[in-house]
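As provided, input-v5.txt (compact mmCIF, C-alpha atoms) reads as follows.
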```txt
# COMPACT_ATOMS: atom_id res chain seq x y z
CA MET A 24 16.92 43.67 -0.87
CA ASP A 25 14.59 41.26 -2.60
CA LEU A 26 12.52 39.00 -0.37
CA TYR A 27 13.91 35.77 -1.79
CA SER A 28 17.38 36.79 -2.85
CA GLY A 29 19.71 33.80 -2.75
CA LYS A 30 16.89 31.33 -2.26
CA THR A 31 15.98 28.44 -4.53
CA ALA A 32 12.30 27.56 -4.75
CA LEU A 33 10.53 24.65 -6.41
CA VAL A 34 6.95 25.13 -7.56
CA THR A 35 4.91 22.27 -8.94
CA GLY A 36 2.38 23.08 -11.63
CA ALA A 37 4.30 26.25 -12.44
CA THR A 38 3.11 26.72 -16.01
CA ARG A 39 -0.31 28.20 -15.26
CA GLY A 40 -2.81 29.32 -12.65
CA VAL A 41 -1.77 29.66 -9.03
CA GLY A 42 1.55 27.88 -9.60
CA ARG A 43 2.57 30.36 -12.25
CA ILE A 44 1.54 33.30 -10.05
CA ILE A 45 3.69 31.98 -7.20
CA ALA A 46 6.64 31.16 -9.48
CA GLU A 47 6.53 34.65 -11.02
CA HIS A 48 6.40 36.19 -7.55
CA PHE A 49 9.44 34.25 -6.35
CA LEU A 50 11.31 35.26 -9.50
CA SER A 51 10.38 38.91 -9.10
CA GLU A 52 11.66 38.78 -5.51
CA GLY A 53 15.06 37.42 -6.46
CA ALA A 54 14.70 33.65 -6.12
CA SER A 55 15.88 31.00 -8.51
CA VAL A 56 12.84 28.94 -9.39
CA ILE A 57 12.52 25.36 -10.52
CA GLY A 58 9.18 24.53 -12.08
CA PHE A 59 7.87 20.98 -12.21
CA ALA A 60 5.06 20.47 -14.71
CA ARG A 61 3.90 18.06 -17.34
CA GLY A 62 3.72 20.72 -20.04
CA GLU A 63 6.14 23.03 -21.78
CA PRO A 64 7.47 26.00 -19.80
CA SER A 65 5.47 29.22 -19.91
CA LEU A 66 8.08 31.29 -18.06
CA THR A 67 11.26 32.48 -19.73
CA ALA A 68 13.14 34.25 -16.92
CA ALA A 69 16.86 33.48 -16.73
CA ALA A 70 16.47 32.34 -13.13
CA TYR A 71 13.71 29.89 -14.09
CA HIS A 72 14.56 26.25 -14.72
CA HIS A 73 11.78 24.08 -16.06
CA VAL A 74 11.61 20.35 -15.48
CA GLN A 75 9.04 18.51 -17.56
CA VAL A 76 7.75 15.72 -15.36
CA ASP A 77 4.53 13.78 -15.02
CA LEU A 78 3.62 14.35 -11.38
CA ALA A 79 1.27 11.39 -11.49
CA ASP A 80 4.32 9.13 -11.76
CA PRO A 81 6.34 8.77 -8.51
CA MET A 82 9.32 7.27 -10.32
CA ALA A 83 9.39 10.20 -12.76
CA ILE A 84 9.50 12.62 -9.81
CA GLN A 85 12.40 10.74 -8.27
CA LYS A 86 14.26 10.85 -11.57
CA ALA A 87 13.62 14.59 -11.78
CA PHE A 88 15.21 15.00 -8.35
CA LEU A 89 18.14 12.86 -9.46
CA GLY A 90 18.68 15.47 -12.17
CA LEU A 91 18.37 18.31 -9.65
CA HIS A 92 21.06 16.78 -7.44
CA LYS A 93 23.46 17.23 -10.35
CA GLN A 94 22.51 20.88 -10.84
CA ILE A 95 21.81 22.44 -7.45
CA THR A 96 23.18 22.08 -3.95
CA ARG A 97 20.34 23.63 -1.99
CA LEU A 98 16.60 23.87 -2.15
CA ASP A 99 14.97 26.29 0.27
CA ILE A 100 11.28 26.51 -0.53
CA VAL A 101 8.83 24.03 -2.00
CA VAL A 102 5.30 24.87 -3.04
CA ASN A 103 3.21 21.79 -3.74
CA ASN A 104 0.65 23.40 -5.99
CA ALA A 105 -0.04 21.02 -8.88
CA ALA A 106 -3.45 19.44 -8.74
CA VAL A 107 -6.05 17.87 -10.97
CA LEU A 108 -9.77 18.04 -10.44
CA THR A 109 -12.61 15.91 -11.72
CA SER A 110 -15.87 16.94 -10.12
CA GLN A 111 -18.45 14.20 -10.42
CA TYR A 112 -20.99 12.32 -8.35
CA ALA A 113 -19.17 9.49 -6.56
CA MET A 114 -21.35 6.77 -8.11
CA ILE A 115 -20.27 7.76 -11.61
CA MET A 116 -16.74 9.02 -10.93
CA PRO A 117 -14.36 7.16 -13.26
CA PRO A 118 -11.87 5.24 -11.11
CA ALA A 119 -9.04 6.46 -13.33
CA ALA A 120 -9.96 10.07 -12.60
CA ALA A 121 -10.06 9.33 -8.87
CA GLN A 122 -6.67 7.63 -9.10
CA ALA A 123 -5.20 10.59 -10.97
CA MET A 124 -6.35 12.96 -8.20
CA VAL A 125 -4.76 10.76 -5.54
CA ASN A 126 -1.52 10.56 -7.50
CA VAL A 127 -1.14 14.22 -8.42
CA ASN A 128 -2.81 15.91 -5.45
CA LEU A 129 -1.49 13.75 -2.62
CA LEU A 130 1.19 11.25 -3.61
CA ALA A 131 3.20 13.76 -5.66
CA PRO A 132 3.40 16.28 -2.78
CA PHE A 133 4.59 13.45 -0.55
CA ILE A 134 7.37 12.44 -2.96
CA VAL A 135 8.34 16.04 -3.74
CA SER A 136 8.42 16.98 -0.05
CA ARG A 137 10.49 13.99 1.01
CA GLU A 138 12.99 14.47 -1.80
CA ALA A 139 13.18 18.21 -1.07
CA ALA A 140 13.74 17.47 2.62
CA LYS A 141 16.92 15.62 1.67
CA PHE A 142 18.28 18.93 0.38
CA MET A 143 16.90 20.92 3.29
CA ARG A 144 18.41 18.70 5.96
CA LYS A 145 21.85 19.61 4.66
CA SER A 146 21.26 23.36 4.90
CA LYS A 147 19.08 23.00 8.01
CA TRP A 148 16.52 25.40 6.59
CA GLY A 149 13.42 24.83 4.57
CA ARG A 150 9.84 25.85 3.93
CA ILE A 151 7.31 23.41 2.50
CA ILE A 152 4.00 24.98 1.55
CA ASN A 153 1.08 22.92 0.30
CA ILE A 154 -1.72 24.53 -1.65
CA GLY A 155 -4.94 23.19 -0.21
CA SER A 156 -8.51 24.08 -0.97
CA MET A 157 -11.70 25.43 0.54
CA ALA A 158 -13.23 22.16 -0.65
CA VAL A 159 -11.77 20.54 2.48
CA SER A 160 -14.10 22.54 4.66
CA LEU A 161 -17.05 23.12 2.32
CA GLU A 162 -17.18 19.49 1.08
CA PRO A 163 -19.04 20.28 -2.16
CA ILE A 164 -21.07 17.58 -3.87
CA GLY A 165 -18.97 16.00 -6.62
CA ASP A 166 -15.65 16.75 -4.92
CA SER A 167 -15.38 13.68 -2.70
CA VAL A 168 -11.97 12.56 -3.89
CA TYR A 169 -10.64 16.05 -4.61
CA ALA A 170 -11.61 17.28 -1.14
CA ALA A 171 -10.20 14.14 0.46
CA THR A 172 -6.85 14.55 -1.27
CA LYS A 173 -6.68 18.21 -0.22
CA ALA A 174 -7.57 17.28 3.36
CA GLY A 175 -4.80 14.72 3.16
CA LEU A 176 -2.36 17.50 2.24
CA SER A 177 -2.86 19.15 5.62
CA THR A 178 -2.32 15.88 7.42
CA LEU A 179 0.76 15.23 5.30
CA ALA A 180 2.17 18.62 6.25
CA ASN A 181 1.35 18.16 9.91
CA VAL A 182 3.17 14.83 10.19
CA MET A 183 6.11 16.04 8.13
CA ALA A 184 6.28 19.11 10.37
CA LYS A 185 7.11 16.74 13.24
CA GLU A 186 9.64 14.75 11.24
CA PHE A 187 11.37 17.77 9.69
CA GLY A 188 11.09 20.17 12.64
CA PRO A 189 14.52 19.24 14.01
CA MET A 190 15.97 20.23 10.63
CA ASN A 191 14.41 23.72 10.85
CA VAL A 192 12.02 22.85 8.04
CA THR A 193 8.44 24.04 8.42
CA CYS A 194 5.45 22.47 6.67
CA ASN A 195 2.19 24.37 6.26
CA THR A 196 -0.91 24.40 4.10
CA LEU A 197 -2.70 27.29 2.44
CA GLY A 198 -6.34 26.53 1.73
CA ILE A 199 -7.28 28.77 -1.14
CA THR A 200 -10.72 29.77 -2.29
CA ALA A 201 -11.70 30.12 -5.94
CA ILE A 202 -9.43 32.14 -8.19
CA GLU A 203 -9.88 32.65 -11.91
CA SER A 204 -7.95 29.74 -13.41
CA ASP A 205 -8.12 26.89 -15.90
CA MET A 206 -9.20 24.56 -13.11
CA LEU A 207 -12.09 26.83 -12.14
CA SER A 208 -13.33 26.94 -15.72
CA GLN A 209 -13.97 23.18 -15.50
CA LEU A 210 -16.68 23.74 -12.90
CA PRO A 211 -20.22 25.08 -13.34
CA ARG A 212 -20.02 28.84 -12.80
CA ASP A 213 -23.33 29.03 -10.94
CA LYS A 214 -22.11 26.43 -8.45
CA ILE A 215 -18.92 28.40 -7.78
CA ASP A 216 -20.77 31.70 -7.51
CA ALA A 217 -23.13 30.19 -4.93
CA ILE A 218 -20.20 28.93 -2.85
CA ILE A 219 -18.42 32.28 -3.02
CA ALA A 220 -21.60 34.12 -2.01
CA GLY A 221 -21.72 32.03 1.16
CA LEU A 222 -18.19 32.88 2.31
CA PRO A 223 -17.60 35.34 5.15
CA VAL A 224 -15.67 37.42 2.61
CA PRO A 225 -17.86 36.83 -0.46
CA ARG A 226 -15.44 37.37 -3.31
CA PHE A 227 -12.94 35.43 -5.37
CA ALA A 228 -9.36 35.19 -4.15
CA THR A 229 -6.76 37.41 -5.77
CA ALA A 230 -3.10 36.71 -6.43
CA ALA A 231 -2.25 39.14 -3.62
CA ASP A 232 -4.39 37.17 -1.16
CA ILE A 233 -2.48 34.00 -1.96
CA LEU A 234 0.99 35.55 -2.08
CA ASN A 235 0.44 37.26 1.28
CA VAL A 236 0.15 33.88 3.03
CA VAL A 237 2.85 32.23 0.93
CA ASP A 238 5.23 35.03 1.95
CA PHE A 239 4.19 34.60 5.59
CA PHE A 240 4.86 30.85 5.58
CA ALA A 241 8.15 31.29 3.70
CA ALA A 242 9.47 34.11 5.87
CA GLU A 243 12.58 33.75 7.97
CA ALA A 244 10.54 35.01 10.91
CA SER A 245 8.06 32.13 10.52
CA SER A 246 10.41 29.44 11.79
CA TYR A 247 8.02 28.84 14.72
CA VAL A 248 4.98 28.48 12.44
CA THR A 249 4.52 24.91 11.31
CA ALA A 250 1.78 22.27 10.95
CA GLN A 251 -0.75 25.02 10.29
CA THR A 252 -3.51 25.32 7.72
CA VAL A 253 -4.67 28.81 6.81
CA PHE A 254 -7.85 29.17 4.80
CA LEU A 255 -8.57 32.28 2.78
CA GLY A 256 -11.86 34.15 2.71
CA GLY A 257 -13.05 33.12 6.14
CA VAL A 258 -13.38 29.41 5.35
CA ASN A 259 -12.72 27.33 8.43
CA MET B 7 38.80 0.42 -5.68
CA ASP B 8 36.45 -2.53 -6.20
CA ARG B 9 32.70 -2.23 -5.80
CA ARG B 10 32.60 -3.57 -2.24
CA GLU B 11 35.21 -1.06 -1.13
CA GLU B 12 33.34 1.74 -2.89
CA VAL B 13 30.03 0.89 -1.22
CA LEU B 14 31.70 0.50 2.17
CA ALA B 15 33.33 3.92 1.74
CA ILE B 16 29.93 5.48 0.97
CA ILE B 17 28.39 3.99 4.11
CA LEU B 18 31.31 4.97 6.32
CA SER B 19 31.20 8.48 4.87
CA ALA B 20 27.52 8.71 5.84
CA LEU B 21 28.41 7.74 9.40
CA GLU B 22 31.18 10.33 9.47
CA SER B 23 28.71 12.97 8.27
CA LEU B 24 26.33 11.94 11.03
CA ASN B 25 29.08 12.29 13.62
CA LEU B 26 29.63 15.88 12.51
CA GLU B 27 26.06 16.63 13.60
CA LEU B 28 26.17 14.75 16.92
CA PRO B 29 27.55 15.87 20.28
CA GLU B 30 30.90 14.19 21.01
CA ALA B 31 29.42 11.86 23.64
CA GLU B 32 26.84 10.51 21.16
CA ARG B 33 29.12 9.91 18.18
CA VAL B 34 29.13 6.43 16.69
CA LYS B 35 32.07 4.20 15.93
CA VAL B 36 32.87 4.22 12.22
CA GLY B 37 33.86 0.80 10.89
CA PRO B 38 32.65 -2.27 9.01
CA THR B 39 31.26 -3.93 12.14
CA THR B 40 29.41 -0.88 13.49
CA PRO B 41 25.87 -1.87 14.54
CA LEU B 42 23.24 0.31 12.87
CA PHE B 43 20.01 -1.17 14.18
CA GLY B 44 19.05 -3.39 17.10
CA PRO B 45 20.04 -3.70 20.75
CA ASP B 46 23.75 -3.10 20.13
CA ALA B 47 23.24 0.01 18.01
CA THR B 48 23.79 3.46 19.47
CA LEU B 49 22.02 5.34 16.66
CA ASP B 50 18.57 6.67 17.39
CA SER B 51 15.87 6.32 14.74
CA LEU B 52 16.40 9.81 13.28
CA SER B 53 20.16 9.23 13.02
CA LEU B 54 19.57 5.95 11.19
CA VAL B 55 17.22 7.73 8.78
CA SER B 56 19.93 10.34 8.16
CA VAL B 57 22.47 7.64 7.35
CA ILE B 58 20.05 5.82 5.03
CA VAL B 59 19.21 9.06 3.20
CA ASP B 60 22.90 9.91 2.74
CA VAL B 61 23.73 6.41 1.51
CA GLU B 62 20.74 6.34 -0.87
CA THR B 63 21.63 9.76 -2.25
CA ALA B 64 25.28 8.84 -2.78
CA LEU B 65 24.40 5.52 -4.43
CA THR B 66 21.80 7.17 -6.64
CA MET B 67 24.29 9.79 -7.80
CA ARG B 68 27.09 7.27 -8.34
CA TRP B 69 25.01 4.75 -10.31
CA ASP B 70 22.66 7.30 -11.87
CA ALA B 71 19.47 5.48 -10.90
CA PRO B 72 17.07 5.86 -7.97
CA ILE B 73 18.04 3.33 -5.30
CA SER B 74 15.80 2.62 -2.32
CA LEU B 75 17.21 0.79 0.68
CA THR B 76 13.92 0.57 2.54
CA ASP B 77 11.53 -1.19 0.21
CA ASP B 78 9.40 -4.17 1.25
CA ARG B 79 12.16 -6.60 0.38
CA ALA B 80 14.56 -5.02 2.86
CA MET B 81 11.99 -4.82 5.60
CA SER B 82 10.80 -8.42 5.29
CA ARG B 83 14.21 -10.06 5.62
CA GLU B 84 14.93 -12.40 8.50
CA ILE B 85 18.29 -10.72 8.96
CA SER B 86 17.86 -6.98 8.61
CA PRO B 87 20.14 -5.28 6.10
CA PHE B 88 20.54 -2.58 8.73
CA ASP B 89 22.04 -4.77 11.46
CA THR B 90 25.57 -3.58 10.80
CA VAL B 91 27.61 -1.69 8.26
CA GLY B 92 28.66 -5.08 6.89
CA THR B 93 25.12 -6.37 6.33
CA LEU B 94 24.15 -3.08 4.72
CA THR B 95 27.16 -3.32 2.41
CA ASP B 96 26.10 -6.83 1.37
CA TYR B 97 22.53 -5.66 0.72
CA VAL B 98 23.63 -2.70 -1.37
CA LEU B 99 25.89 -4.95 -3.44
CA GLU B 100 22.90 -7.23 -4.05
CA LEU B 101 20.77 -4.28 -5.22
CA LEU B 102 23.55 -2.97 -7.45
CA GLN B 103 23.96 -6.38 -9.04
CA GLU B 104 20.38 -6.02 -10.29
CA ILE B 105 20.69 -2.54 -11.74
CA ALA B 106 24.33 -2.64 -12.84
CA PRO B 107 25.77 -6.17 -12.91
CA ALA B 108 29.48 -6.13 -12.12
```
Translate this structure into structure tokens?
Amino acid sequence: MDLYSGKTALVTGATRGVGRIIAEHFLSEGASVIGFARGEPSLTAAAYHHVQVDLADPMAIQKAFLGLHKQITRLDIVVNNAAVLTSQYAMIMPPAAAQAMVNVNLLAPFIVSREAAKFMRKSKWGRIINIGSMAVSLEPIGDSVYAATKAGLSTLANVMAKEFGPMNVTCNTLGITAIESDMLSQLPRDKIDAIIAGLPVPRFATAADILNVVDFFAAEASSYVTAQTVFLGGVN
Amino acid sequence: MDRREEVLAIILSALESLNLELPEAERVKVGPTTPLFGPDATLDSLSLVSVIVDVETALTMRWDAPISLTDDRAMSREISPFDTVGTLTDYVLELLQEIAPA
């Protein structure tokens, strides 16, 4: 039997990068997948439903959930993956770029999680997984706001774990290291290579590394695992 | 069914749903004068959140627009909209008048 047969999962930022990898994995393991993203869909599977939504806009997210309430009756797994990154020295970081990171990387996961929890409380089962970053621990120059928003994701999950625990909903964070993606291509390659070289496991993350932990957090057997942050590659 | 009756039915339905989840000894009375918040209320904070979520969801679906019962306006009132089922009904009617005038 497929790992996610009968489950409905929502993945934000599902059109590319890590979000697309996770969405494809859920689909291949039998789940119905809802993708939230600003752009056009890049997946065409029959079990994939794309919702075009600007995750920087809380009201737009709420409207997207209003639409979901008319189409689905349960939502089992949420992966808050969508993120934007502007890496820049704090003194010259454009405030609009900082605001966008707060909105997409932190506020959107809050709104998505709380709206998803309204589904999960009915079925008394849910898994909320936030995609964090090694930047939380490594605190690279230029990533002040990005790292702060990703650190906030763990705190968000930890508090929600307390609020949603009685509903059998777990909330965890996966802190990923660098993986080949559009976001990575925005950063200087030498800077990334230097960071990777300093990791206990000095290599880039693979899709399998990420999916291994996503599957662990989402598993039925992980109902006693909540408010945890797992970093890949030996970051701590 | 007029709008007041419809809103009241939504709130009472939320309380009935809550009762389905509570042990018999903790179930709340379901009626227009039921206290929701304050010294006379028997709902704990999580139960009140459940009722608010159910009412918000039902209102949002019925009127096809996101409706929040817990914004700053609600929280800053001298008389809380969550005192009783009746005060909540009045508050919802006030909100609906803004988004869908009767």
- What does the distance between CA of Ser136 in chain A and CA of Gly257 in chain A come to in Å, to one decimal place?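 Going from CA of Ser136 in chain A over to CA of Gly257 in chain A covers 27.6 Å.
Every chain B residue lying within 9 Å of chain A, based on all atoms listed in the file, is listed here: Leu52, Ser56, Val59, Asp60, Thr63, Thr66, Met67, Asp70, Ala71 and Pro72 of chain B.
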Convert the current residue selection to file output with C-alpha atoms, as a PDB file, keeping the file's coordinate frame.
```pdb
ATOM      1  CA  LEU B  52      16.400   9.810  13.280  1.00  0.00           C
ATOM      2  CA  SER B  56      19.930  10.340   8.160  1.00  0.00           C
ATOM      3  CA  VAL B  59      19.210   9.060   3.200  1.00  0.00           C
ATOM      4  CA  ASP B  60      22.900   9.910   2.740  1.00  0.00           C
ATOM      5  CA  THR B  63      21.630   9.760  -2.250  1.00  0.00           C
ATOM      6  CA  THR B  66      21.800   7.170  -6.640  1.00  0.00           C
ATOM      7  CA  MET B  67      24.290   9.790  -7.800  1.00  0.00           C
ATOM      8  CA  ASP B  70      22.660   7.300 -11.870  1.00  0.00           C
ATOM      9  CA  ALA B  71      19.470   5.480 -10.900  1.00  0.00           C
ATOM     10  CA  PRO B  72      17.070   5.860  -7.970  1.00  0.00           C
TER      11      PRO B  72
END
```
- Which residue, B:Val61, B:Phe43, B:Glu104, B:Asp50, has the smallest gap to Ile85 in chain B when you use all atoms listed in the file? B:Phe43
- Message: When you count only C-alpha atoms, which of these residues is closest to Ala105 in chain A: A:Pro64, A:Gly198, A:Gly149, A:Gly42?
- Response: A:Gly42
- Suppose you want the space between CA of Asp238 in chain A and CA of Val159 in chain A; what is it in Å?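 Between CA of Asp238 in chain A and CA of Val159 in chain A the gap works out to 22.3 Å.
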- Message: Counting all atoms listed in the file, which residues have an atom no more than 12 Å from (23.1, -5.6, -0.2) in the file's coordinates? Please list them as a PyMOL selection string.
- Response: chain B and resi 9-10+13-14+17+65+73-76+79-80+83+85-104
- Item | Point-to-point distance from CA of His72 in chain A to CA of Phe59 in chain A, Å rounded to tenths |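 One can read the CA of His72 in chain A to CA of Phe59 in chain A distance as 8.9 Å.
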- Task: Neighbourhood query: residues within 9 Å of (34.6, -1.1, 11.4), file coordinates, counting only C-alpha atoms; return as a PyMOL selection string.
- Result: chain B and resi 18+35-40+91-92
- Taking into account all atoms listed in the file, which residue in the set A:Cys194, A:Ala70, A:Val101, A:Ala158 is nearest to Ala250 in chain A?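 Using all atoms listed in the file, the shortest distance to Ala250 in chain A belongs to A:Cys194.
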- Do you know which residues are at most 12 Å from Asn235 in chain A counting only C-alpha atoms, after dropping those on the same chain fewer than 6 positions away, and could you put them as a ChimeraX atom specification? /A:45,48,197,199,228-229,241-242,253,255
- Message: For Ala54 in chain A, find every residue with an atom within 7 Å (counting only C-alpha atoms), except residues of its own chain fewer than 4 positions away, and show them as a PyMOL selection string.
- Response: chain A and resi 27-32+49-50
- Note on the structure: Counting all atoms listed in the file, the residue among A:Ala79, A:Leu161, A:Ala217, A:Ala184 that lies closest to Ser246 in chain A is A:Ala184
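Minimum distance to Thr48 in chain B across B:Met81, B:Ala64, B:Ala31, B:Met7 (counting only C-alpha atoms) occurs at B:Ala31.
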- Task: Can you work out which one of A:Ala113, A:Ile164, A:Leu179, A:Ala171 has the shortest atom-to-atom distance to Phe133 in chain A, counting all atoms listed in the file?
- Result: A:Leu179
- Which residues come within 8 Å of Thr172 in chain A, counting all atoms listed in the file, excluding same-chain residues fewer than 3 positions away, as a PyMOL selection string? chain A and resi 124-125+128-129+168-169+175-176
